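Okay, model_39.csv now, which holds CSV, C-alpha atoms:
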```csv
chain,number,residue,atom,x,y,z
A,14,MET,CA,-10.6,-1.2,17.2
A,15,PRO,CA,-12.6,-3.5,14.9
A,16,THR,CA,-12.2,-7.2,15.4
A,17,ASP,CA,-9.6,-9.2,13.5
A,18,GLU,CA,-12.3,-10.8,11.4
A,19,LEU,CA,-13.7,-7.4,10.4
A,20,GLU,CA,-10.2,-6.0,9.6
A,21,ARG,CA,-9.6,-9.0,7.4
A,22,GLU,CA,-12.8,-8.4,5.5
A,23,LEU,CA,-12.0,-4.8,5.0
A,24,ARG,CA,-8.5,-5.6,3.7
A,25,HIS,CA,-10.0,-8.1,1.2
A,26,ALA,CA,-12.7,-5.6,0.1
A,27,PHE,CA,-10.1,-2.9,-0.5
A,28,GLY,CA,-7.9,-5.5,-2.3
A,29,ARG,CA,-10.8,-6.6,-4.6
A,30,ARG,CA,-11.7,-3.0,-5.2
A,31,ALA,CA,-8.1,-2.1,-6.2
A,32,ALA,CA,-8.1,-5.0,-8.7
A,33,GLY,CA,-10.9,-3.2,-10.5
A,34,TYR,CA,-8.8,-0.1,-11.0
A,35,GLN,CA,-8.3,-0.1,-14.7
A,36,HIS,CA,-5.7,1.8,-16.6
A,37,ALA,CA,-3.4,2.4,-13.6
A,38,GLU,CA,-0.4,1.6,-15.7
A,39,GLN,CA,-1.4,4.1,-18.4
A,40,ALA,CA,-2.0,6.7,-15.7
A,41,ARG,CA,1.4,6.1,-14.2
A,42,GLU,CA,3.0,6.4,-17.7
A,43,ARG,CA,1.2,9.7,-18.3
A,44,LEU,CA,2.3,11.1,-14.9
A,45,LEU,CA,5.9,10.2,-15.4
A,46,GLN,CA,5.9,11.8,-18.8
A,47,ARG,CA,5.0,15.2,-17.3
A,48,ASP,CA,7.4,17.9,-16.5
A,49,TYR,CA,7.3,18.7,-12.8
A,50,ARG,CA,10.2,21.1,-13.0
A,51,PRO,CA,9.9,24.8,-12.9
A,52,ARG,CA,10.5,26.0,-16.4
A,53,GLY,CA,11.9,29.3,-17.9
A,54,SER,CA,12.3,32.6,-16.2
A,55,GLN,CA,8.7,32.6,-14.9
A,56,GLN,CA,9.3,29.5,-12.8
A,57,ARG,CA,6.0,28.2,-14.0
A,58,LEU,CA,5.2,24.6,-13.5
A,59,THR,CA,4.0,22.9,-16.6
A,60,VAL,CA,1.8,20.0,-15.8
A,61,GLY,CA,-0.5,19.2,-18.7
A,62,ILE,CA,0.0,16.3,-21.0
A,63,THR,CA,-0.2,18.8,-23.9
A,64,ALA,CA,2.9,20.5,-22.4
A,65,VAL,CA,5.0,17.5,-22.9
A,66,THR,CA,7.6,18.7,-25.4
A,67,ALA,CA,10.6,16.8,-26.4
A,68,ALA,CA,12.5,18.4,-23.6
A,69,GLY,CA,9.7,18.0,-21.2
A,70,ALA,CA,9.3,14.4,-21.9
A,71,VAL,CA,12.9,13.9,-21.0
A,72,ALA,CA,12.4,15.5,-17.6
A,73,LEU,CA,10.5,12.6,-16.3
A,74,SER,CA,10.9,9.9,-18.8
A,75,LEU,CA,13.3,8.7,-16.2
A,76,GLY,CA,15.2,6.2,-18.2
A,77,LEU,CA,13.2,3.7,-16.5
A,78,SER,CA,11.9,1.6,-19.4
A,79,GLY,CA,11.3,-1.8,-18.1
A,80,VAL,CA,11.4,-0.5,-14.6
A,81,PHE,CA,8.8,-0.4,-11.9
A,82,GLY,CA,5.6,-1.6,-13.4
A,83,SER,CA,5.8,0.2,-16.7
A,84,ALA,CA,3.9,-1.4,-19.5
A,85,ALA,CA,7.1,-2.7,-20.9
A,86,ALA,CA,8.1,-4.2,-17.5
A,87,ARG,CA,4.8,-5.9,-17.1
A,88,GLY,CA,5.0,-7.2,-20.6
A,89,THR,CA,8.3,-8.9,-19.9
A,90,GLY,CA,7.0,-10.2,-16.6
A,91,THR,CA,9.4,-8.1,-14.5
A,92,ILE,CA,8.4,-5.5,-11.9
A,93,ARG,CA,11.4,-3.6,-10.4
A,94,THR,CA,11.8,-1.0,-7.7
A,95,ASP,CA,14.7,0.0,-5.5
A,96,ALA,CA,13.3,-2.4,-2.8
A,97,PHE,CA,12.4,-5.5,-4.9
A,98,THR,CA,12.4,-7.2,-8.3
A,99,LEU,CA,9.8,-9.7,-9.2
A,100,VAL,CA,10.4,-11.8,-12.3
A,101,ASP,CA,7.5,-13.9,-13.7
A,102,HIS,CA,8.7,-17.1,-15.4
A,103,ALA,CA,7.1,-19.0,-18.2
A,104,ASN,CA,6.6,-22.1,-15.9
A,105,GLY,CA,4.3,-20.1,-13.6
A,106,THR,CA,6.9,-19.5,-10.9
A,107,ALA,CA,8.2,-16.1,-9.9
A,108,THR,CA,11.5,-15.0,-8.5
A,109,LEU,CA,11.5,-12.3,-5.9
A,110,THR,CA,14.7,-10.5,-5.1
A,111,PHE,CA,14.6,-7.8,-2.5
A,112,ASN,CA,16.5,-5.3,-0.3
A,113,SER,CA,14.3,-5.4,2.7
A,114,HIS,CA,15.9,-2.4,4.4
A,115,LEU,CA,14.7,-0.3,1.5
A,116,LEU,CA,11.1,-1.5,1.6
A,117,GLN,CA,8.9,1.3,2.7
A,118,GLU,CA,5.8,0.6,0.8
A,119,PRO,CA,4.6,-2.9,1.6
A,120,SER,CA,1.5,-2.4,-0.5
A,121,ALA,CA,3.6,-2.0,-3.6
A,122,LEU,CA,5.2,-5.5,-3.1
A,123,GLN,CA,1.8,-7.0,-2.1
A,124,ARG,CA,0.2,-5.7,-5.3
A,125,ALA,CA,3.1,-6.9,-7.4
A,126,LEU,CA,2.8,-10.4,-5.9
A,127,ARG,CA,-0.9,-10.4,-6.4
A,128,HIS,CA,-0.4,-9.2,-10.0
A,129,ASP,CA,1.6,-12.4,-10.4
A,130,ARG,CA,-1.2,-14.5,-8.9
A,131,ILE,CA,0.6,-14.9,-5.6
A,132,PRO,CA,-1.8,-14.2,-2.7
A,133,ALA,CA,0.2,-12.5,0.0
A,134,ILE,CA,0.1,-10.1,2.9
A,135,VAL,CA,3.2,-7.9,3.1
A,136,THR,CA,3.7,-5.9,6.3
A,137,VAL,CA,6.5,-3.7,7.7
A,138,GLY,CA,7.0,-3.5,11.4
A,139,ARG,CA,4.6,-6.3,12.2
A,140,PHE,CA,3.9,-9.9,11.1
A,141,CYS,CA,0.8,-11.8,10.4
A,142,TYR,CA,0.8,-15.5,11.3
A,143,SER,CA,-1.5,-18.4,11.8
A,144,HIS,CA,-1.4,-21.0,14.6
A,145,PRO,CA,-0.8,-23.7,13.6
A,146,ILE,CA,1.2,-22.8,10.6
A,147,PRO,CA,-0.3,-24.2,7.5
A,148,VAL,CA,1.8,-27.0,5.9
A,149,GLY,CA,3.3,-26.8,2.4
A,150,PHE,CA,5.6,-23.9,2.6
A,151,ALA,CA,8.6,-25.9,1.3
A,152,LYS,CA,6.7,-26.6,-1.9
A,153,VAL,CA,5.7,-23.0,-2.3
A,154,VAL,CA,9.1,-21.3,-1.7
A,155,SER,CA,12.4,-22.6,-3.0
A,156,GLY,CA,15.7,-21.4,-4.2
A,157,VAL,CA,16.3,-19.3,-1.2
A,158,THR,CA,19.6,-17.4,-1.3
A,159,ALA,CA,21.4,-14.8,0.8
A,160,PRO,CA,20.9,-13.0,3.0
A,161,TYR,CA,19.2,-15.9,4.7
A,162,SER,CA,21.9,-16.5,7.1
A,163,LYS,CA,23.2,-14.8,10.2
A,164,GLY,CA,25.9,-12.3,9.6
A,165,PRO,CA,26.5,-9.5,7.2
A,166,ALA,CA,24.2,-9.4,4.2
A,167,PRO,CA,26.2,-10.2,1.1
A,168,GLY,CA,23.5,-8.9,-1.1
A,169,PRO,CA,19.8,-8.8,-1.8
A,170,GLY,CA,17.7,-11.8,-0.7
A,171,SER,CA,16.2,-14.0,-3.3
A,172,LEU,CA,13.6,-16.8,-3.5
A,173,THR,CA,11.4,-18.5,-6.0
A,174,ILE,CA,7.7,-18.8,-5.4
A,175,ASN,CA,5.4,-21.4,-7.0
A,176,PRO,CA,1.9,-20.0,-6.8
A,177,ALA,CA,0.4,-23.2,-8.0
A,178,ALA,CA,1.7,-24.9,-4.9
A,179,ILE,CA,0.0,-22.5,-2.5
A,180,PRO,CA,-2.6,-24.6,-0.6
A,181,ALA,CA,-6.2,-23.5,-1.0
A,182,GLY,CA,-7.3,-21.1,1.8
A,183,THR,CA,-3.7,-20.0,2.5
A,184,GLU,CA,-1.5,-17.1,1.4
A,185,LEU,CA,2.0,-16.0,2.0
A,186,SER,CA,2.8,-13.6,4.8
A,187,PHE,CA,5.9,-11.4,4.5
A,188,GLY,CA,7.0,-9.5,7.5
A,189,PHE,CA,9.8,-7.0,7.3
A,190,PHE,CA,11.0,-5.4,10.5
A,191,PRO,CA,12.8,-2.0,10.3
A,192,PRO,CA,16.5,-2.1,11.3
A,193,GLN,CA,17.1,-2.3,15.0
A,194,ASN,CA,20.7,-1.9,16.2
A,195,SER,CA,21.7,-2.2,12.5
A,196,ARG,CA,20.0,-5.5,12.2
A,197,VAL,CA,17.2,-6.4,9.8
A,198,GLU,CA,14.7,-9.2,10.3
A,199,ASN,CA,12.5,-10.8,7.7
A,200,ILE,CA,9.9,-13.5,8.3
A,201,ILE,CA,8.0,-15.5,5.6
A,202,GLU,CA,5.3,-18.1,6.4
A,203,LEU,CA,2.1,-19.4,5.0
A,204,ILE,CA,-1.0,-18.3,6.8
A,205,ASP,CA,-4.6,-19.4,6.9
A,206,THR,CA,-6.6,-16.6,5.1
A,207,LYS,CA,-9.5,-17.0,7.5
A,208,SER,CA,-7.5,-17.2,10.7
A,209,TYR,CA,-4.5,-15.2,11.4
A,210,THR,CA,-3.2,-12.6,13.9
A,211,CYS,CA,-0.9,-9.7,13.2
A,212,SER,CA,1.7,-8.7,15.8
A,213,PRO,CA,4.2,-5.9,16.1
A,214,THR,CA,6.7,-8.4,17.6
A,215,ALA,CA,8.4,-11.0,15.5
A,216,PRO,CA,7.2,-14.5,16.4
A,217,PRO,CA,9.7,-17.3,17.2
A,218,THR,CA,11.6,-18.8,14.3
A,219,PRO,CA,9.3,-21.2,12.5
A,220,PRO,CA,10.1,-24.9,12.4
A,221,SER,CA,12.3,-25.9,9.5
A,222,GLY,CA,10.2,-26.2,6.3
A,223,ASP,CA,7.4,-24.2,7.7
A,224,GLY,CA,8.8,-20.7,6.9
A,225,ILE,CA,11.8,-18.5,6.9
A,226,SER,CA,13.1,-16.2,9.6
A,227,THR,CA,16.3,-14.3,9.1
A,228,GLU,CA,18.3,-11.7,10.7
A,229,TYR,CA,21.2,-9.9,9.2
A,230,ALA,CA,23.3,-6.8,9.4
A,231,GLN,CA,21.9,-3.8,7.7
A,232,PRO,CA,24.1,-2.9,4.8
A,233,ALA,CA,26.1,0.3,5.3
A,234,SER,CA,24.8,3.4,3.3
A,235,PRO,CA,26.8,4.2,0.3
B,4,MET,CA,14.3,32.7,-7.4
B,5,ARG,CA,15.6,29.6,-8.9
B,6,MET,CA,15.1,26.4,-7.1
B,7,GLU,CA,18.3,24.9,-6.0
B,8,TRP,CA,17.5,21.4,-6.8
B,9,ILE,CA,17.1,22.2,-10.4
B,10,ARG,CA,20.8,23.0,-10.6
B,11,ASN,CA,21.6,19.8,-8.9
B,12,ARG,CA,21.3,17.0,-11.4
B,13,GLY,CA,21.7,14.4,-8.7
B,14,ALA,CA,18.7,15.7,-6.8
B,15,SER,CA,16.7,16.0,-10.0
B,16,ARG,CA,17.4,12.4,-10.8
B,17,GLU,CA,16.5,11.4,-7.3
B,18,PHE,CA,13.2,13.1,-7.6
B,19,GLU,CA,12.5,11.4,-10.9
B,20,ARG,CA,13.3,8.0,-9.4
B,21,PHE,CA,11.2,8.9,-6.4
B,22,ALA,CA,8.2,9.8,-8.6
B,23,ALA,CA,8.5,6.6,-10.5
B,24,GLU,CA,8.7,4.6,-7.3
B,25,VAL,CA,5.8,6.2,-5.5
B,26,SER,CA,3.4,6.9,-8.3
B,27,ASP,CA,1.9,3.4,-8.3
B,28,SER,CA,1.2,3.5,-4.6
B,29,LEU,CA,-0.2,7.0,-4.7
B,30,LEU,CA,-2.5,6.2,-7.7
B,31,TYR,CA,-4.0,3.3,-5.9
B,32,THR,CA,-4.4,5.3,-2.7
B,33,GLY,CA,-6.0,8.1,-4.7
B,34,PHE,CA,-8.3,5.6,-6.3
B,35,GLN,CA,-9.4,4.1,-3.0
B,36,MET,CA,-10.2,7.6,-1.7
B,37,THR,CA,-12.1,8.8,-4.8
B,38,ASP,CA,-13.2,5.7,-6.7
B,39,ASN,CA,-12.4,7.6,-9.8
B,40,ALA,CA,-9.4,6.9,-12.0
B,41,LYS,CA,-9.2,10.5,-13.4
B,42,ASP,CA,-9.5,12.1,-10.0
B,43,ALA,CA,-6.8,9.7,-8.7
B,44,GLU,CA,-4.5,10.8,-11.5
B,45,ASP,CA,-5.1,14.5,-10.9
B,46,LEU,CA,-4.4,13.9,-7.2
B,47,VAL,CA,-1.1,12.3,-7.8
B,48,GLN,CA,-0.1,15.0,-10.3
B,49,GLU,CA,-0.9,17.7,-7.7
B,50,THR,CA,0.9,15.6,-5.0
B,51,LEU,CA,4.1,15.3,-7.1
B,52,LEU,CA,4.0,19.0,-7.9
B,53,LYS,CA,3.9,19.8,-4.2
B,54,VAL,CA,6.7,17.4,-3.5
B,55,ALA,CA,8.8,18.7,-6.4
B,56,ARG,CA,8.5,22.2,-5.0
B,57,ARG,CA,9.9,21.1,-1.7
B,58,TRP,CA,12.2,18.4,-2.9
B,59,ASN,CA,15.2,19.9,-1.2
B,60,ARG,CA,13.6,19.3,2.2
B,61,VAL,CA,11.7,16.2,1.3
B,62,ARG,CA,14.7,14.3,0.0
B,63,SER,CA,16.4,14.5,3.3
B,64,MET,CA,13.4,13.0,5.1
B,65,ASP,CA,13.6,9.4,6.4
B,66,HIS,CA,10.5,8.5,4.5
B,67,PRO,CA,9.8,10.8,1.6
B,68,ALA,CA,7.1,8.3,0.4
B,69,ALA,CA,5.2,8.7,3.6
B,70,TYR,CA,5.4,12.5,3.2
B,71,ALA,CA,3.9,12.2,-0.4
B,72,ARG,CA,1.1,10.0,0.9
B,73,ARG,CA,0.3,12.6,3.6
B,74,VAL,CA,0.2,15.4,0.9
B,75,LEU,CA,-2.2,13.3,-1.2
B,76,ILE,CA,-4.5,12.5,1.7
B,77,ASN,CA,-4.5,16.1,2.8
B,78,LEU,CA,-5.4,17.2,-0.7
B,79,VAL,CA,-8.5,15.0,-0.5
B,80,LEU,CA,-9.4,16.2,3.0
B,81,ASP,CA,-8.8,19.9,2.1
B,82,ASP,CA,-11.1,19.5,-0.9
B,83,SER,CA,-13.7,17.8,1.3
B,84,ASP,CA,-13.4,20.5,4.0
B,85,ARG,CA,-13.9,23.2,1.4
B,86,ARG,CA,-17.1,21.5,0.3
B,87,THR,CA,-18.6,20.7,3.7
B,88,ARG,CA,-16.8,22.9,6.2
B,89,GLN,CA,-17.7,20.1,8.7
B,90,ARG,CA,-15.2,18.4,10.9
B,91,THR,CA,-17.6,16.7,13.2
B,92,GLU,CA,-16.6,13.2,12.0
B,93,LEU,CA,-13.3,13.5,13.9
B,94,GLN,CA,-14.9,14.0,17.3
B,95,PRO,CA,-14.3,10.9,19.5
B,96,ARG,CA,-17.2,8.7,20.1
B,97,GLU,CA,-17.7,5.5,22.0
B,98,ARG,CA,-16.3,2.4,20.3
B,99,THR,CA,-18.5,-0.1,18.6
B,100,ASP,CA,-19.1,-3.5,20.3
B,101,GLU,CA,-18.1,-6.9,18.9
B,102,ALA,CA,-21.6,-7.7,17.8
B,103,ALA,CA,-21.6,-4.7,15.5
B,104,ASP,CA,-18.2,-5.7,14.2
B,105,GLU,CA,-19.4,-9.2,13.5
B,106,GLN,CA,-22.4,-7.8,11.7
B,107,ALA,CA,-20.1,-5.5,9.7
B,108,ALA,CA,-17.8,-8.4,8.7
B,109,ARG,CA,-20.7,-10.6,7.7
B,110,ALA,CA,-22.1,-7.7,5.6
B,111,LEU,CA,-18.8,-7.1,3.9
B,112,ARG,CA,-18.4,-10.8,3.1
B,113,GLU,CA,-21.8,-10.8,1.5
B,114,VAL,CA,-20.9,-7.9,-0.8
B,115,ASP,CA,-21.0,-9.5,-4.3
B,116,ASP,CA,-20.8,-6.3,-6.3
B,117,LEU,CA,-17.8,-4.2,-5.6
B,118,ALA,CA,-19.7,-1.2,-6.8
B,119,GLU,CA,-21.7,-1.6,-3.6
B,120,PHE,CA,-18.6,-1.4,-1.5
B,121,SER,CA,-17.5,1.7,-3.4
B,122,TRP,CA,-21.0,3.2,-3.0
B,123,VAL,CA,-20.8,2.6,0.8
B,124,LEU,CA,-17.4,4.2,1.0
B,125,ALA,CA,-18.7,7.2,-0.9
B,126,GLN,CA,-21.3,7.7,1.9
B,127,LEU,CA,-18.6,8.2,4.5
B,128,PRO,CA,-17.1,11.5,5.4
B,129,ALA,CA,-13.7,12.0,3.8
B,130,ARG,CA,-11.8,11.6,7.1
B,131,GLN,CA,-13.5,8.3,7.9
B,132,ARG,CA,-12.8,7.1,4.4
B,133,ALA,CA,-9.2,8.2,4.8
B,134,VAL,CA,-8.8,6.2,8.0
B,135,LEU,CA,-10.1,3.1,6.4
B,136,VAL,CA,-8.0,3.4,3.3
B,137,LEU,CA,-4.8,4.1,5.3
B,138,ARG,CA,-5.4,1.4,7.8
B,139,TYR,CA,-6.8,-1.4,5.6
B,140,TRP,CA,-5.4,-0.6,2.2
B,141,SER,CA,-2.1,1.1,2.9
B,142,ASP,CA,-1.8,-1.1,5.9
B,143,LEU,CA,-0.3,1.6,8.1
B,144,PRO,CA,-0.1,1.4,11.9
B,145,VAL,CA,-2.5,3.7,13.9
B,146,ALA,CA,0.4,6.0,14.9
B,147,GLU,CA,1.3,6.7,11.3
B,148,VAL,CA,-2.3,7.3,10.3
B,149,ALA,CA,-2.6,9.7,13.2
B,150,ASP,CA,0.5,11.5,12.0
B,151,ILE,CA,-0.9,11.8,8.5
B,152,LEU,CA,-4.2,13.1,9.7
B,153,GLY,CA,-2.8,15.4,12.4
B,154,CYS,CA,-4.8,13.8,15.2
B,155,THR,CA,-4.3,11.5,18.1
B,156,GLU,CA,-4.1,7.7,17.9
B,157,GLY,CA,-7.3,7.6,20.0
B,158,THR,CA,-9.1,9.7,17.5
B,159,VAL,CA,-7.9,7.4,14.7
B,160,THR,CA,-9.2,4.4,16.6
B,161,SER,CA,-12.6,5.9,17.4
B,162,THR,CA,-12.9,7.2,13.8
B,163,ALA,CA,-12.2,3.7,12.5
B,164,SER,CA,-14.7,2.2,14.8
B,165,ARG,CA,-17.3,4.7,13.8
B,166,ALA,CA,-16.5,4.2,10.1
B,167,VAL,CA,-16.9,0.5,10.2
B,168,ALA,CA,-20.1,0.8,12.1
B,169,ARG,CA,-21.4,3.2,9.5
B,170,VAL,CA,-20.3,0.8,6.7
B,171,ALA,CA,-22.2,-2.0,8.4
B,172,GLU,CA,-25.2,0.1,8.9
B,173,ILE,CA,-25.3,1.2,5.2
B,174,LEU,CA,-24.7,-2.3,3.9
B,175,ILE,CA,-27.5,-3.8,6.1
B,176,ARG,CA,-29.9,-1.0,5.2
B,177,SER,CA,-29.3,-1.5,1.6
B,178,LYS,CA,-30.2,-5.2,1.7
B,179,PRO,CA,-33.7,-6.5,1.2
B,180,LEU,CA,-35.5,-7.2,4.5
B,181,ALA,CA,-35.4,-10.9,4.0
B,182,ALA,CA,-31.6,-10.9,3.8
B,183,ARG,CA,-31.1,-8.9,6.9
B,184,PRO,CA,-29.7,-10.7,9.9
B,185,THR,CA,-32.2,-11.3,12.7
B,186,THR,CA,-31.6,-10.0,16.2
B,187,PRO,CA,-31.3,-12.9,18.6
B,188,HIS,CA,-34.0,-12.9,21.3
B,189,ALA,CA,-32.8,-12.3,24.9
```
Represent the structure contained in this file as structure tokens.
Amino acid sequence: MPTDELERELRHAFGRRAAGYQHAEQARERLLQRDYRPRGSQQRLTVGITAVTAAGAVALSLGLSGVFGSAAARGTGTIRTDAFTLVDHANGTATLTFNSHLLQEPSALQRALRHDRIPAIVTVGRFCYSHPIPVGFAKVVSGVTAPYSKGPAPGPGSLTINPAAIPAGTELSFGFFPPQNSRVENIIELIDTKSYTCSPTAPPTPPSGDGISTEYAQPASP
Amino acid sequence: MRMEWIRNRGASREFERFAAEVSDSLLYTGFQMTDNAKDAEDLVQETLLKVARRWNRVRSMDHPAAYARRVLINLVLDDSDRRTRQRTELQPRERTDEAADEQAARALREVDDLAEFSWVLAQLPARQRAVLVLRYWSDLPVAEVADILGCTEGTVTSTASRAVARVAEILIRSKPLAARPTTPHA
């Protein structure tokens, strides 16, 4: 495999390239307006924008205004998916609420965070960390609420991030580990952007003030 | 024959929510693969159509989003195969050494214009590009990339190595002679 340094450069290059993807929101809006259902007796799939009739528009208008990165959602500073909600506040901070057991697309959360000027690496099934852990985490992340405690998760986890407090040359690393034995583990730390390692095994609990490591029971399916 | 899920409002709503949830990720992956916003949108449209047709099966999968990503990647690869009818890029080859990786990392760091990186990616065979996008943009583990591409983990690893070596080679060749790294004397 390529060296860690090369992998880092590739990730950064792809990230910078994605930032240049203009009109993604409009593309998403157009896609969700289309009718992907078979229609009429011919079972024909109507896909063109021009085919969006009043009924067709309903098919995938989704009732999701203000949800998941729609233009309205971005305008109000809120990005919402099943797995997370990211609310951008006027003072420059952002509140992240998430159901980590639902997180399947780490890149979606990573992009949402970066959209809010929060440099971050989000991984599922592995965790990226630096040694030593950069200082300053406590100034970056605050307002941490459940489920950051042992025991059954009473609800989604929540925390507030202050991107202005992120030390230069560092970024946040979020590691979400899939449920094992009905238990979910999350880890959040600061990492040095030029020197970190990613591992499929969760590292030891970070010292107090340097990060967050939690384990809680996976909520039962409804 | 009427598709069952159409009669099932719950499943229909599930698909709608699913489409809303994955479209962003699919669009970006499509863009990374094609470097073209319109092509990315077309790819996602075709992907969602394929998923919609099979929603009864897909909805019961553990990771429907992963399935949709596989559909999208395979649409790109099928298109590429149709054009080239060449699959030689998936044949295993020896790994690159660390010096080559360092050279590639340095070359990537020195890329000022992202159009250059996009141009380099466009020079790669579609499967090599897919491996890089899935590994370093979608951040998927090797096993999952292998699953999507229908090959072994070893093939993914060797393809990634070959792809980054090719990226370095193209970047270095595209630079003026004076800017090229010098080879240390033995």
Margin query: For range 132-138 of chain A, find every residue with an atom within 7 Å (counting all atoms listed in the file), except residues of its own chain fewer than 5 positions away, and show them as a list of chain:residue names.
Written below: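 What passes the distance filter is A:Pro119, A:Ser120, A:Leu122, A:Gln123, A:Leu126, A:Arg127, A:Glu184, A:Leu185, A:Ser186, A:Phe187, A:Gly188, A:Phe189, A:Phe190, A:Pro191, A:Pro213.
The residue set within 8 Å of Leu174 in chain B, counting all atoms listed in the file and dropping same-chain residues fewer than 4 places from it, reads Ala110, Leu111, Val123, Val170 and Lys178 of chain B.
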Those same residues - C-alpha atoms - I'd like them written as a compact mmCIF listing (two decimals), keeping the file's coordinate frame.
```
# COMPACT_ATOMS: atom_id res chain seq x y z
CA ALA B 110 -22.10 -7.70 5.60
CA LEU B 111 -18.80 -7.10 3.90
CA VAL B 123 -20.80 2.60 0.80
CA VAL B 170 -20.30 0.80 6.70
CA LYS B 178 -30.20 -5.20 1.70
```
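Here CA of Val134 in chain B stands at a distance of 11.2 Å from CA of Leu80 in chain B.
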Next item on the list: Record the distance separating CA of Arg165 in chain B and CA of Leu127 in chain B, expressed in Å with one decimal.
Entry: 10.0 Å
Next item on the list: Please measure the separation of CA of Thr94 in chain A and CA of Leu109 in chain A, giving the value in Å to one decimal.
Entry: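 Computed distance, CA of Thr94 in chain A to CA of Leu109 in chain A, equals 11.4 Å.
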Next item on the list: Return as a ChimeraX atom specification the residues belonging to chain B that are within 6 Å of chain A, counting all atoms listed in the file.
Entry: /B:19,52,108,139-140,160,164
Checklist line | Selection: 7 Å around range 152-154 of chain A, all atoms listed in the file, excl. self and same-chain fewer than 4 positions, as number ranges by chain | finding: A: 172-176, 178-179
Any chance you can output those residues with C-alpha atoms as a short mmCIF file (atom, residue, chain, number, x, y, z; two decimals), keeping the file's coordinate frame?
```cif
data_model
loop_
_atom_site.label_atom_id
_atom_site.label_comp_id
_atom_site.auth_asym_id
_atom_site.auth_seq_id
_atom_site.Cartn_x
_atom_site.Cartn_y
_atom_site.Cartn_z
CA LEU A 172 13.60 -16.80 -3.50
CA THR A 173 11.40 -18.50 -6.00
CA ILE A 174 7.70 -18.80 -5.40
CA ASN A 175 5.40 -21.40 -7.00
CA PRO A 176 1.90 -20.00 -6.80
CA ALA A 178 1.70 -24.90 -4.90
CA ILE A 179 0.00 -22.50 -2.50
#
```
Checklist line | Residue list as a ChimeraX atom specification for point (-1.3, 8.8, -8.1), cut-off 6 Å, only C-alpha atoms | finding: /B:26,29-30,33,43-44,47
Margin query: Report as a list in words all protein, DNA and RNA residues lying within 7 Å of Asp101 in chain A, evaluated on all atoms listed in the file, omitting residues in the same chain fewer than 6 positions from it.
Written below: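 Within the cut-off, the hits are Gly90, Thr91, Ala107, Thr108 and Asp129 of chain A.
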Note to self: Restricting the calculation to all atoms listed in the file: of B:Ala163, B:Val74, B:Leu124, B:Leu137, which residue gets closest to Val54 in chain B?
What the structure shows: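 Closest candidate: B:Val74.
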Margin query: Excluding Glu156 in chain B and its own-chain neighbours fewer than 5 positions away, which residues fall within 9 Å of it when counting only C-alpha atoms? Please give them as a ChimeraX atom specification.
Written below: /B:145-150,161
Write out, as a short mmCIF file (atom, residue, chain, number, x, y, z; two decimals), in the frame of the given file, the residues just selected, with C-alpha atoms.
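That gives us selection38.cif:
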```cif
data_model
loop_
_atom_site.label_atom_id
_atom_site.label_comp_id
_atom_site.auth_asym_id
_atom_site.auth_seq_id
_atom_site.Cartn_x
_atom_site.Cartn_y
_atom_site.Cartn_z
CA VAL B 145 -2.50 3.70 13.90
CA ALA B 146 0.40 6.00 14.90
CA GLU B 147 1.30 6.70 11.30
CA VAL B 148 -2.30 7.30 10.30
CA ALA B 149 -2.60 9.70 13.20
CA ASP B 150 0.50 11.50 12.00
CA SER B 161 -12.60 5.90 17.40
#
```
Margin query: The residues within 10 Å of (-5.4, -24.4, 0.5), using all atoms listed in the file and the coordinates of the file, should be reported as a PyMOL selection string; which are they?
Written below: chain A and resi 147-149+178-184+204-206
Notebook entry, point to check: Quick one: of B:Leu78, B:Ala14, B:Trp58, B:Glu105, who's nearest to Asp42 in chain B, counting only C-alpha atoms?
Noted result: B:Leu78
